[in-house]
Amino acid sequence: MFDSSDDEGPSDISMIHAAQATREFKEKFPLKSETLKKQELERARRTPAVRKKLNFDVTMSPSFVEAEIKTVQANSEILERKLTMKNEEIERLKTFIQKKEEENNRLNFQKTQAEEELRREKYQNNAKIARTNLELEKWQTIGKKFYTWFNIAKSQLEEVQELNGDDWENPEKIEKINQISREFYKFLENNQFTEDFVDQLAAGSIQSYCGVEFPVRQNMKTECVRGSEQLNSTELKPPGNERYNYFDRGGRYNRTSIDYEKDEKIQRLLLENSVLKDNLKIVKGRSERSMIIEERNRSLEVEKDSLQNRLDQTFGEIEAMRMGQARQIFNIDNCPENSEKYLRLIDRINGLLIENKRLEKDFEAATSRITKMDQDLKNAERRNSHLEDVYSNQVSKFNTLQKEMEDVQAKYDTSLENFEEVAAKLKEAEKKIEESSVISTKSDGDSTLLAAPPTDAGNSTQIFHMASNPLNLAHAEFQDQETKKRKLSELDGAEDSEAKRIRQEKIDELEEQLQMLEREKNVIEDSYKLHKDLANKFRQICIALTGLQIKLKDAEEGICTVQSEYEETNQGQFVFKCFYGTTRIDMLDVNSDSSAEMIRKWEPLMKKYIGERNSIPAFLAAMTLQLEQEREFDETMHERTHTFSVYHED
Amino acid sequence: MTETKTRNSINLKGSAQLVKEFFHFGLNSILYQRALYPADSFKREKKYGLTLLVTHDKKLLAFLEPLLQQVEYWLAKKKLKRLVMVISEVKTKEVVERWQFDIHTENVEEEGENAHRQKDEKKIRQEICDVLRQITASVSFLPCLEEPVSFDVLIYTGKDTEAPEDWTESGACLINNSETVQLRSFSTSVHSMNKRMKVLSTLKPLI
């Protein structure tokens, strides 16, 4: 399938061709460093021309431009040619790589096929080996069996050979002969057929044993005592003095009929084994070949990778060349082929430069703004931290104050409770005093009153009443009056002059209070008048400026009437309701004839300004304008003359 | 011909409202009739087909309104047993008149099947009207109160009843030597009220 000549090195022709191909390849695809060197040399050569071209006046001359255009065209043609060549080379390399890939694929396919075949062969071999091992085990057991029997027979035969004619009648010797087989089996029970032992037995040819040589004896009679059914037990019972020859009768017969068949089978198996060994050798050779193929495949892959790298390098170089060409093409100084294009390009560049400057300015402004914002942020953070400190201080102060307040509140509560207790006790004491005084005032001094108050409630009922009831209040008031009267009477009785003085002082004090109140009343009246006057003036100014007379009918509800000064009838007025605290003002329909007439008259303006524009001031202004236009000229003569002047505030 | 629909069923709450209303007008009537407050501190109000006089004195209203609210609450909770209006002399707190309203509450539940009683509201109002009319009429046989007097209202409840904060326990304020006048009663079928009036024997009724 595979030729061994593939593994050999390249031929002379191929070597020559390879050298030529590398040379051509180097020419067509030079290294990047070489290309750069060439470009440097070319640039150095052209530098004076470039310098000349930089002089804009010279380049603008038509003869110079034409020459330059021609050179540039020639250059571009050369480059285009180079580019086409490079492209062709790339295509060629691509096809080469493709071919290599196809070959690689084919080899891979063959490799997989060989691997598959090898696997199949291995499987078949394994099966054959297993079968052979089985057969071998069977034959080993057969061999063991025959070997055992042979040994038994041999030892018995040796014993028999030593027997004389009289010995056959000796039961001990016969027993000894018979004992051999039993002992041998006992020996075999403990004995094992090791591999070395088997190898030793298998050594040598089958013909190395020629059987037992028997010398001819005249008087020897052979008699077969037992039949063939006793052969396996090998228990011999010789007749009289004659020796028993095993091989002459049943033994020879057996060997010819069974042993040879076995030998044939062994021979056949050995033959099969040798065939299998040959097959194994063939398979081994095939596997070695497949390994060689795999090795070759690996080397081809390596070669493919190297080629791919070279191709990438080539692509890179081509790209670099393209870039260089593009730079050369778009270089204004080198390629002045189209002045309009250059001018457009210059304009574009100038525009871009201007835009760049503008963007830089914007960027600077943005950075300045950002720095300013940063500063503001820092200031704000500083302020914030300061405020946080202040807040935390305030919170701590608040907490301390809160605690103090709670303490004070607790103290206050306890003192209040104490006070209430004291007050209750006082009341009880007063009550008791009153009761006692009432009782004492009573002339009869009825003893029943001193007892506990009787009740009709019984045990299951309790009686409540409100603590502050009219009776208690009236009684407390009465008592106060009584105490006052008593005090006054006491004072009247004891010191008349002192009481008069006190009374006079009280009167003076009351007169002072009266005078103060009168003064306050005057001040309030003055301020009321002032406010009224001010409000009147403000109203006049509002009417003069807006032409609208606004009257607040209900200050609490916010209801006011609005009437234009230009209204002839003095009856038409609008009613508005103002909602304080909001910008909402509603126009009210007061359900009167004059109101209905007014609404009919002003409906278009209402729809326009209130409905659509949602502006009551605009509606009122429009109404004022319309009324002003409608009024007669004579009437205007009687109106106050509105003048226009400028007031300069120094 | 149109028929006037009247309510025939009454429950505990409705009865408490009716009784409270009666107390409101009853107490006001007594206060007016017994001249505890000036006549100009009362205004006329039509109720039960009568022209009744009701106070508009703020202090008095501040006393009566919470009192009657609490009375209604206790009525609705079946706690109230008796309400007594005590008229006493301001000077000595001696009880001169004692208007006693005994209240018996039927075994009515607040909710459920046993929560309603059948009685025509019109009839109840008529009974209340009669009682109020009798209060007004009682002036004719009661003596004039010459000394300055004031009044207090006592509420009799069960032992397990808790009173609000501004309420305190009180004595029965009984009159030792008293003349008793039995007055009309009325019933809402939930609450039935028996009314008695006791007068100090020194101020005997003029009958």
# chains A, B, ... in the order shown; residues from 1 in each chain; ligands from 1
call {"tool": "interface_residues", "arguments": {"of": "chain A", "to": "chain B", "cutoff": "7 Å", "atoms": "only C-alpha atoms", "output": "mmCIF file with N, CA and C atoms, in the first residue's frame"}}
result
data_model
loop_
_atom_site.group_PDB
_atom_site.id
_atom_site.type_symbol
_atom_site.label_atom_id
_atom_site.label_comp_id
_atom_site.auth_asym_id
_atom_site.auth_seq_id
_atom_site.Cartn_x
_atom_site.Cartn_y
_atom_site.Cartn_z
ATOM 1 N N VAL A 438 -71.281 74.486 109.485
ATOM 2 C CA VAL A 438 -72.740 74.444 109.266
ATOM 3 C C VAL A 438 -73.417 73.790 110.454
ATOM 4 N N PRO A 453 -73.823 59.899 106.141
ATOM 5 C CA PRO A 453 -74.999 60.201 105.319
ATOM 6 C C PRO A 453 -75.733 58.923 104.943
ATOM 7 N N PRO A 454 -77.036 58.930 105.119
ATOM 8 C CA PRO A 454 -77.798 57.725 104.781
ATOM 9 C C PRO A 454 -77.854 57.524 103.270
ATOM 10 N N THR A 455 -78.051 56.295 102.895
ATOM 11 C CA THR A 455 -78.107 56.002 101.461
ATOM 12 C C THR A 455 -79.250 55.045 101.168
ATOM 13 N N ASP A 456 -79.805 55.190 99.930
ATOM 14 C CA ASP A 456 -80.851 54.274 99.494
ATOM 15 C C ASP A 456 -80.330 53.344 98.405
ATOM 16 N N SER A 460 -75.462 46.673 96.311
ATOM 17 C CA SER A 460 -75.120 46.376 94.913
ATOM 18 C C SER A 460 -75.120 47.619 94.032
ATOM 19 N N THR A 461 -75.262 48.768 94.634
ATOM 20 C CA THR A 461 -75.358 49.996 93.830
ATOM 21 C C THR A 461 -74.362 51.022 94.355
ATOM 22 N N GLN A 462 -73.814 51.764 93.408
ATOM 23 C CA GLN A 462 -72.949 52.886 93.791
ATOM 24 C C GLN A 462 -73.469 54.152 93.126
ATOM 25 N N ILE A 463 -73.151 55.261 93.760
ATOM 26 C CA ILE A 463 -73.684 56.548 93.286
ATOM 27 C C ILE A 463 -72.519 57.410 92.818
ATOM 28 N N PHE A 464 -72.703 57.911 91.597
ATOM 29 C CA PHE A 464 -71.697 58.826 91.033
ATOM 30 C C PHE A 464 -72.341 60.177 90.795
ATOM 31 N N HIS A 465 -71.476 61.165 90.803
ATOM 32 C CA HIS A 465 -71.889 62.481 90.290
ATOM 33 C C HIS A 465 -70.666 63.177 89.725
ATOM 34 N N MET A 466 -70.909 64.147 88.896
ATOM 35 C CA MET A 466 -69.785 64.842 88.278
ATOM 36 C C MET A 466 -69.117 65.717 89.320
ATOM 37 N N ALA A 467 -67.777 65.703 89.287
ATOM 38 C CA ALA A 467 -67.036 66.423 90.329
ATOM 39 C C ALA A 467 -67.324 67.913 90.290
ATOM 40 N N ASN A 469 -69.991 69.973 89.562
ATOM 41 C CA ASN A 469 -71.421 70.136 89.295
ATOM 42 C C ASN A 469 -71.847 71.550 89.693
ATOM 43 N N PRO A 470 -72.956 71.996 89.218
ATOM 44 C CA PRO A 470 -73.386 73.385 89.484
ATOM 45 C C PRO A 470 -73.534 73.693 90.980
ATOM 46 N N LEU A 471 -73.963 72.702 91.729
ATOM 47 C CA LEU A 471 -74.142 72.927 93.169
ATOM 48 C C LEU A 471 -72.810 73.245 93.842
ATOM 49 N N ALA A 474 -71.545 76.647 92.667
ATOM 50 C CA ALA A 474 -72.305 77.740 93.286
ATOM 51 C C ALA A 474 -71.937 77.878 94.767
ATOM 52 N N HIS A 475 -71.748 76.736 95.398
ATOM 53 C CA HIS A 475 -71.403 76.770 96.820
ATOM 54 C C HIS A 475 -70.009 77.374 97.026
ATOM 55 N N PHE A 478 -70.254 81.024 96.516
ATOM 56 C CA PHE A 478 -70.902 81.619 97.688
ATOM 57 C C PHE A 478 -69.913 81.765 98.835
#
call {"tool": "residues_around", "arguments": {"residues": "Gln573 (chain A)", "least_positions_apart": "2", "cutoff": "7 Å", "atoms": "only C-alpha atoms", "output": "list of chain:residue names"}}
result
A:Thr561, A:Val562, A:Gln563, A:Gln571, A:Val575
call {"tool": "atom_distance", "arguments": {"atom1": "CA of Ala76 (chain B)", "atom2": "CA of Gly14 (chain B)"}}
result
8.5 Å
call {"tool": "residues_around", "arguments": {"residues": "region 99-114 of chain B", "least_positions_apart": "5", "cutoff": "10 Å", "atoms": "only C-alpha atoms", "output": "ChimeraX atom specification"}}
result
/B:11-13,15,19,23,27,30,75-87,153-156,180-183,185-199
call {"tool": "write_last_selection", "arguments": {"atoms": "N, CA and C atoms", "output": "tab-separated table (two decimals), in the first residue's frame"}}
result
chain	number	residue	atom	x	y	z
B	11	ASN	N	-84.48	48.93	69.69
B	11	ASN	CA	-83.41	48.16	70.32
B	11	ASN	C	-82.82	48.97	71.48
B	12	LEU	N	-81.79	48.41	72.07
B	12	LEU	CA	-81.21	49.00	73.28
B	12	LEU	C	-80.64	50.40	73.02
B	13	LYS	N	-79.95	50.49	71.91
B	13	LYS	CA	-79.30	51.76	71.59
B	13	LYS	C	-80.34	52.85	71.32
B	15	SER	N	-83.40	52.93	72.34
B	15	SER	CA	-84.09	53.24	73.59
B	15	SER	C	-83.25	54.19	74.44
B	19	VAL	N	-84.34	57.83	75.86
B	19	VAL	CA	-84.36	58.16	77.29
B	19	VAL	C	-83.44	59.35	77.56
B	23	PHE	N	-84.34	62.87	79.23
B	23	PHE	CA	-83.62	63.50	80.35
B	23	PHE	C	-83.20	64.92	80.00
B	27	LEU	N	-84.75	67.54	82.45
B	27	LEU	CA	-83.90	68.32	83.36
B	27	LEU	C	-84.00	69.81	83.06
B	30	ILE	N	-87.29	71.10	84.41
B	30	ILE	CA	-87.27	71.27	85.87
B	30	ILE	C	-86.49	72.53	86.24
B	75	LEU	N	-76.90	53.77	79.79
B	75	LEU	CA	-78.20	53.20	79.41
B	75	LEU	C	-78.02	52.09	78.38
B	76	ALA	N	-77.17	52.40	77.41
B	76	ALA	CA	-76.94	51.41	76.34
B	76	ALA	C	-76.24	50.17	76.87
B	77	LYS	N	-75.47	50.35	77.95
B	77	LYS	CA	-74.76	49.21	78.54
B	77	LYS	C	-75.55	48.57	79.68
B	78	LYS	N	-76.77	49.03	79.88
B	78	LYS	CA	-77.67	48.48	80.91
B	78	LYS	C	-77.08	48.65	82.33
B	79	LYS	N	-76.37	49.73	82.52
B	79	LYS	CA	-75.72	49.97	83.82
B	79	LYS	C	-76.54	50.91	84.71
B	80	LEU	N	-77.29	51.73	84.07
B	80	LEU	CA	-77.99	52.80	84.83
B	80	LEU	C	-79.21	52.23	85.54
B	81	LYS	N	-79.27	52.57	86.83
B	81	LYS	CA	-80.42	52.09	87.62
B	81	LYS	C	-81.34	53.25	88.01
B	82	ARG	N	-80.69	54.36	88.25
B	82	ARG	CA	-81.49	55.50	88.74
B	82	ARG	C	-80.75	56.80	88.43
B	83	LEU	N	-81.56	57.80	88.13
B	83	LEU	CA	-81.00	59.15	87.97
B	83	LEU	C	-81.77	60.08	88.91
B	84	VAL	N	-81.00	60.81	89.67
B	84	VAL	CA	-81.64	61.69	90.66
B	84	VAL	C	-81.15	63.11	90.45
B	85	MET	N	-82.12	64.00	90.32
B	85	MET	CA	-81.76	65.42	90.25
B	85	MET	C	-82.00	66.01	91.63
B	86	VAL	N	-80.94	66.48	92.23
B	86	VAL	CA	-81.03	67.00	93.61
B	86	VAL	C	-80.95	68.51	93.56
B	87	ILE	N	-81.95	69.16	94.15
B	87	ILE	CA	-81.92	70.62	94.24
B	87	ILE	C	-81.60	70.95	95.69
B	153	VAL	N	-76.70	66.18	89.82
B	153	VAL	CA	-77.33	64.98	89.26
B	153	VAL	C	-76.57	63.78	89.77
B	154	LEU	N	-77.28	62.86	90.37
B	154	LEU	CA	-76.67	61.64	90.88
B	154	LEU	C	-77.05	60.47	89.98
B	155	ILE	N	-76.09	59.61	89.77
B	155	ILE	CA	-76.32	58.45	88.91
B	155	ILE	C	-76.11	57.20	89.74
B	156	TYR	N	-77.13	56.34	89.74
B	156	TYR	CA	-77.03	55.08	90.46
B	156	TYR	C	-76.68	53.97	89.44
B	180	THR	N	-93.44	62.74	99.36
B	180	THR	CA	-93.20	62.11	98.06
B	180	THR	C	-94.42	62.28	97.16
B	181	VAL	N	-94.14	62.63	95.95
B	181	VAL	CA	-95.21	62.72	94.94
B	181	VAL	C	-94.86	61.75	93.82
B	182	GLN	N	-95.74	60.86	93.55
B	182	GLN	CA	-95.53	59.90	92.47
B	182	GLN	C	-95.99	60.53	91.16
B	183	LEU	N	-95.15	60.48	90.20
B	183	LEU	CA	-95.50	61.07	88.91
B	183	LEU	C	-95.65	59.97	87.86
B	185	SER	N	-95.15	57.57	84.60
B	185	SER	CA	-94.02	56.76	84.11
B	185	SER	C	-94.17	56.57	82.60
B	186	PHE	N	-93.09	56.16	82.03
B	186	PHE	CA	-93.18	55.77	80.62
B	186	PHE	C	-92.23	54.59	80.36
B	187	SER	N	-92.44	53.95	79.26
B	187	SER	CA	-91.59	52.80	78.92
B	187	SER	C	-91.33	52.78	77.42
B	188	THR	N	-90.10	52.46	77.12
B	188	THR	CA	-89.76	52.28	75.69
B	188	THR	C	-89.82	50.80	75.30
B	189	SER	N	-90.29	49.99	76.25
B	189	SER	CA	-90.30	48.52	76.15
B	189	SER	C	-88.91	47.93	76.36
B	190	VAL	N	-87.88	48.77	76.33
B	190	VAL	CA	-86.53	48.33	76.69
B	190	VAL	C	-86.20	48.89	78.06
B	191	HIS	N	-86.40	50.21	78.17
B	191	HIS	CA	-86.22	50.87	79.45
B	191	HIS	C	-87.60	51.34	79.93
B	192	SER	N	-87.89	51.07	81.18
B	192	SER	CA	-89.12	51.63	81.74
B	192	SER	C	-88.73	52.55	82.90
B	193	MET	N	-89.35	53.68	82.95
B	193	MET	CA	-88.94	54.68	83.91
B	193	MET	C	-90.07	55.03	84.87
B	194	ASN	N	-89.73	54.95	86.12
B	194	ASN	CA	-90.70	55.27	87.17
B	194	ASN	C	-90.23	56.55	87.84
B	195	LYS	N	-91.10	57.46	88.01
B	195	LYS	CA	-90.66	58.78	88.45
B	195	LYS	C	-91.32	59.16	89.76
B	196	ARG	N	-90.46	59.65	90.64
B	196	ARG	CA	-90.97	60.15	91.92
B	196	ARG	C	-90.30	61.47	92.24
B	197	MET	N	-91.03	62.24	92.98
B	197	MET	CA	-90.46	63.52	93.38
B	197	MET	C	-90.63	63.68	94.87
B	198	LYS	N	-89.51	64.01	95.53
B	198	LYS	CA	-89.57	64.19	96.98
B	198	LYS	C	-89.28	65.65	97.31
B	199	VAL	N	-90.04	66.12	98.22
B	199	VAL	CA	-89.89	67.52	98.62
B	199	VAL	C	-89.71	67.56	100.12
call {"tool": "atom_distance", "arguments": {"atom1": "CA of Pro617 (chain A)", "atom2": "CA of Thr546 (chain A)"}}
result
10.2 Å
call {"tool": "select_by_dssp", "arguments": {"residues": "region 62-168 of chain B", "states": "strand (DSSP E)", "output": "PyMOL selection string"}}
result
chain B and resi 80-89+95-105+116-118+149-158+167-168
call {"tool": "atom_distance", "arguments": {"atom1": "CA of Val283 (chain A)", "atom2": "CA of Glu121 (chain A)"}}
result
6.8 Å
call {"tool": "closest_residue", "arguments": {"among": "A:Leu426, A:Glu417, A:Leu269, A:Ile180", "to": "Leu134 (chain A)", "atoms": "only C-alpha atoms"}}
result
A:Leu269
call {"tool": "closest_residue", "arguments": {"among": "B:Ala35, B:Val95, B:Leu68, B:Cys129", "to": "Glu146 (chain B)", "atoms": "only C-alpha atoms"}}
result
B:Ala35
call {"tool": "select_by_dssp", "arguments": {"residues": "region 429-578 of chain A", "states": "alpha helix (DSSP H)", "output": "MDAnalysis selection string"}}
result
chainID A and resid 429:441 447:450 470:494 496:546
call {"tool": "decode", "arguments": {"residues": "region 148-184 of chain A", "atoms": "N, CA and C atoms", "output": "compact mmCIF listing (two decimals), in the first residue's frame"}}
result
# COMPACT_ATOMS: atom_id res chain seq x y z
N THR A 148 0.99 -39.77 33.23
CA THR A 148 0.77 -40.48 34.50
C THR A 148 0.61 -41.97 34.27
N TRP A 149 -0.29 -42.24 33.33
CA TRP A 149 -0.51 -43.67 33.05
C TRP A 149 0.79 -44.35 32.61
N PHE A 150 1.50 -43.60 31.76
CA PHE A 150 2.77 -44.17 31.24
C PHE A 150 3.72 -44.48 32.40
N ASN A 151 3.84 -43.58 33.31
CA ASN A 151 4.76 -43.77 34.44
C ASN A 151 4.33 -44.97 35.30
N ILE A 152 2.99 -44.99 35.52
CA ILE A 152 2.49 -46.11 36.33
C ILE A 152 2.83 -47.45 35.65
N ALA A 153 2.48 -47.46 34.35
CA ALA A 153 2.71 -48.69 33.60
C ALA A 153 4.20 -49.05 33.57
N LYS A 154 4.99 -48.00 33.43
CA LYS A 154 6.44 -48.22 33.34
C LYS A 154 6.98 -48.83 34.64
N SER A 155 6.57 -48.23 35.76
CA SER A 155 7.07 -48.71 37.04
C SER A 155 6.57 -50.13 37.32
N GLN A 156 5.30 -50.35 36.95
CA GLN A 156 4.75 -51.69 37.16
C GLN A 156 5.50 -52.71 36.28
N LEU A 157 5.75 -52.25 35.08
CA LEU A 157 6.46 -53.12 34.13
C LEU A 157 7.85 -53.46 34.65
N GLU A 158 8.49 -52.44 35.18
CA GLU A 158 9.82 -52.68 35.73
C GLU A 158 9.76 -53.71 36.86
N GLU A 159 8.72 -53.58 37.66
CA GLU A 159 8.54 -54.53 38.77
C GLU A 159 8.27 -55.93 38.21
N VAL A 160 7.43 -55.93 37.15
CA VAL A 160 7.07 -57.23 36.56
C VAL A 160 8.30 -57.90 35.95
N GLN A 161 9.14 -57.09 35.36
CA GLN A 161 10.35 -57.64 34.72
C GLN A 161 11.24 -58.31 35.77
N GLU A 162 11.21 -57.79 36.96
CA GLU A 162 12.06 -58.36 38.00
C GLU A 162 11.45 -59.62 38.61
N LEU A 163 10.21 -59.86 38.34
CA LEU A 163 9.54 -61.01 38.95
C LEU A 163 10.01 -62.31 38.28
N ASN A 164 10.13 -63.36 39.12
CA ASN A 164 10.38 -64.68 38.57
C ASN A 164 9.06 -65.41 38.39
N GLY A 165 9.18 -66.58 37.98
CA GLY A 165 7.95 -67.34 37.74
C GLY A 165 7.23 -67.70 39.02
N ASP A 166 7.98 -67.90 40.08
CA ASP A 166 7.34 -68.25 41.35
C ASP A 166 6.74 -67.04 42.04
N ASP A 167 7.28 -65.92 41.69
CA ASP A 167 6.85 -64.70 42.38
C ASP A 167 5.38 -64.36 42.09
N TRP A 168 4.85 -64.91 41.04
CA TRP A 168 3.47 -64.57 40.69
C TRP A 168 2.49 -65.18 41.68
N GLU A 169 3.03 -66.21 42.40
CA GLU A 169 2.15 -66.82 43.39
C GLU A 169 2.29 -66.14 44.75
N ASN A 170 3.32 -65.30 44.84
CA ASN A 170 3.55 -64.58 46.10
C ASN A 170 2.58 -63.37 46.16
N PRO A 171 1.66 -63.41 47.12
CA PRO A 171 0.67 -62.30 47.15
C PRO A 171 1.28 -60.95 47.55
N GLU A 172 2.36 -61.03 48.28
CA GLU A 172 2.96 -59.77 48.71
C GLU A 172 3.52 -59.00 47.53
N LYS A 173 4.25 -59.77 46.67
CA LYS A 173 4.85 -59.11 45.52
C LYS A 173 3.80 -58.58 44.55
N ILE A 174 2.75 -59.40 44.42
CA ILE A 174 1.64 -58.94 43.55
C ILE A 174 1.01 -57.68 44.13
N GLU A 175 0.87 -57.74 45.44
CA GLU A 175 0.29 -56.57 46.13
C GLU A 175 1.18 -55.33 45.94
N LYS A 176 2.52 -55.61 45.97
CA LYS A 176 3.47 -54.50 45.80
C LYS A 176 3.31 -53.86 44.41
N ILE A 177 3.13 -54.77 43.43
CA ILE A 177 2.95 -54.25 42.06
C ILE A 177 1.65 -53.42 41.98
N ASN A 178 0.63 -53.96 42.58
CA ASN A 178 -0.65 -53.23 42.54
C ASN A 178 -0.60 -51.93 43.35
N GLN A 179 0.26 -51.97 44.34
CA GLN A 179 0.37 -50.78 45.21
C GLN A 179 0.97 -49.58 44.47
N ILE A 180 1.76 -49.90 43.44
CA ILE A 180 2.47 -48.83 42.70
C ILE A 180 1.50 -47.76 42.21
N SER A 181 0.45 -48.22 41.59
CA SER A 181 -0.49 -47.23 41.01
C SER A 181 -1.10 -46.33 42.11
N ARG A 182 -1.46 -46.95 43.27
CA ARG A 182 -2.09 -46.14 44.34
C ARG A 182 -1.11 -45.10 44.90
N GLU A 183 0.12 -45.64 45.09
CA GLU A 183 1.13 -44.72 45.62
C GLU A 183 1.43 -43.59 44.64
N PHE A 184 1.44 -43.96 43.39
CA PHE A 184 1.74 -42.94 42.39
C PHE A 184 0.63 -41.86 42.37
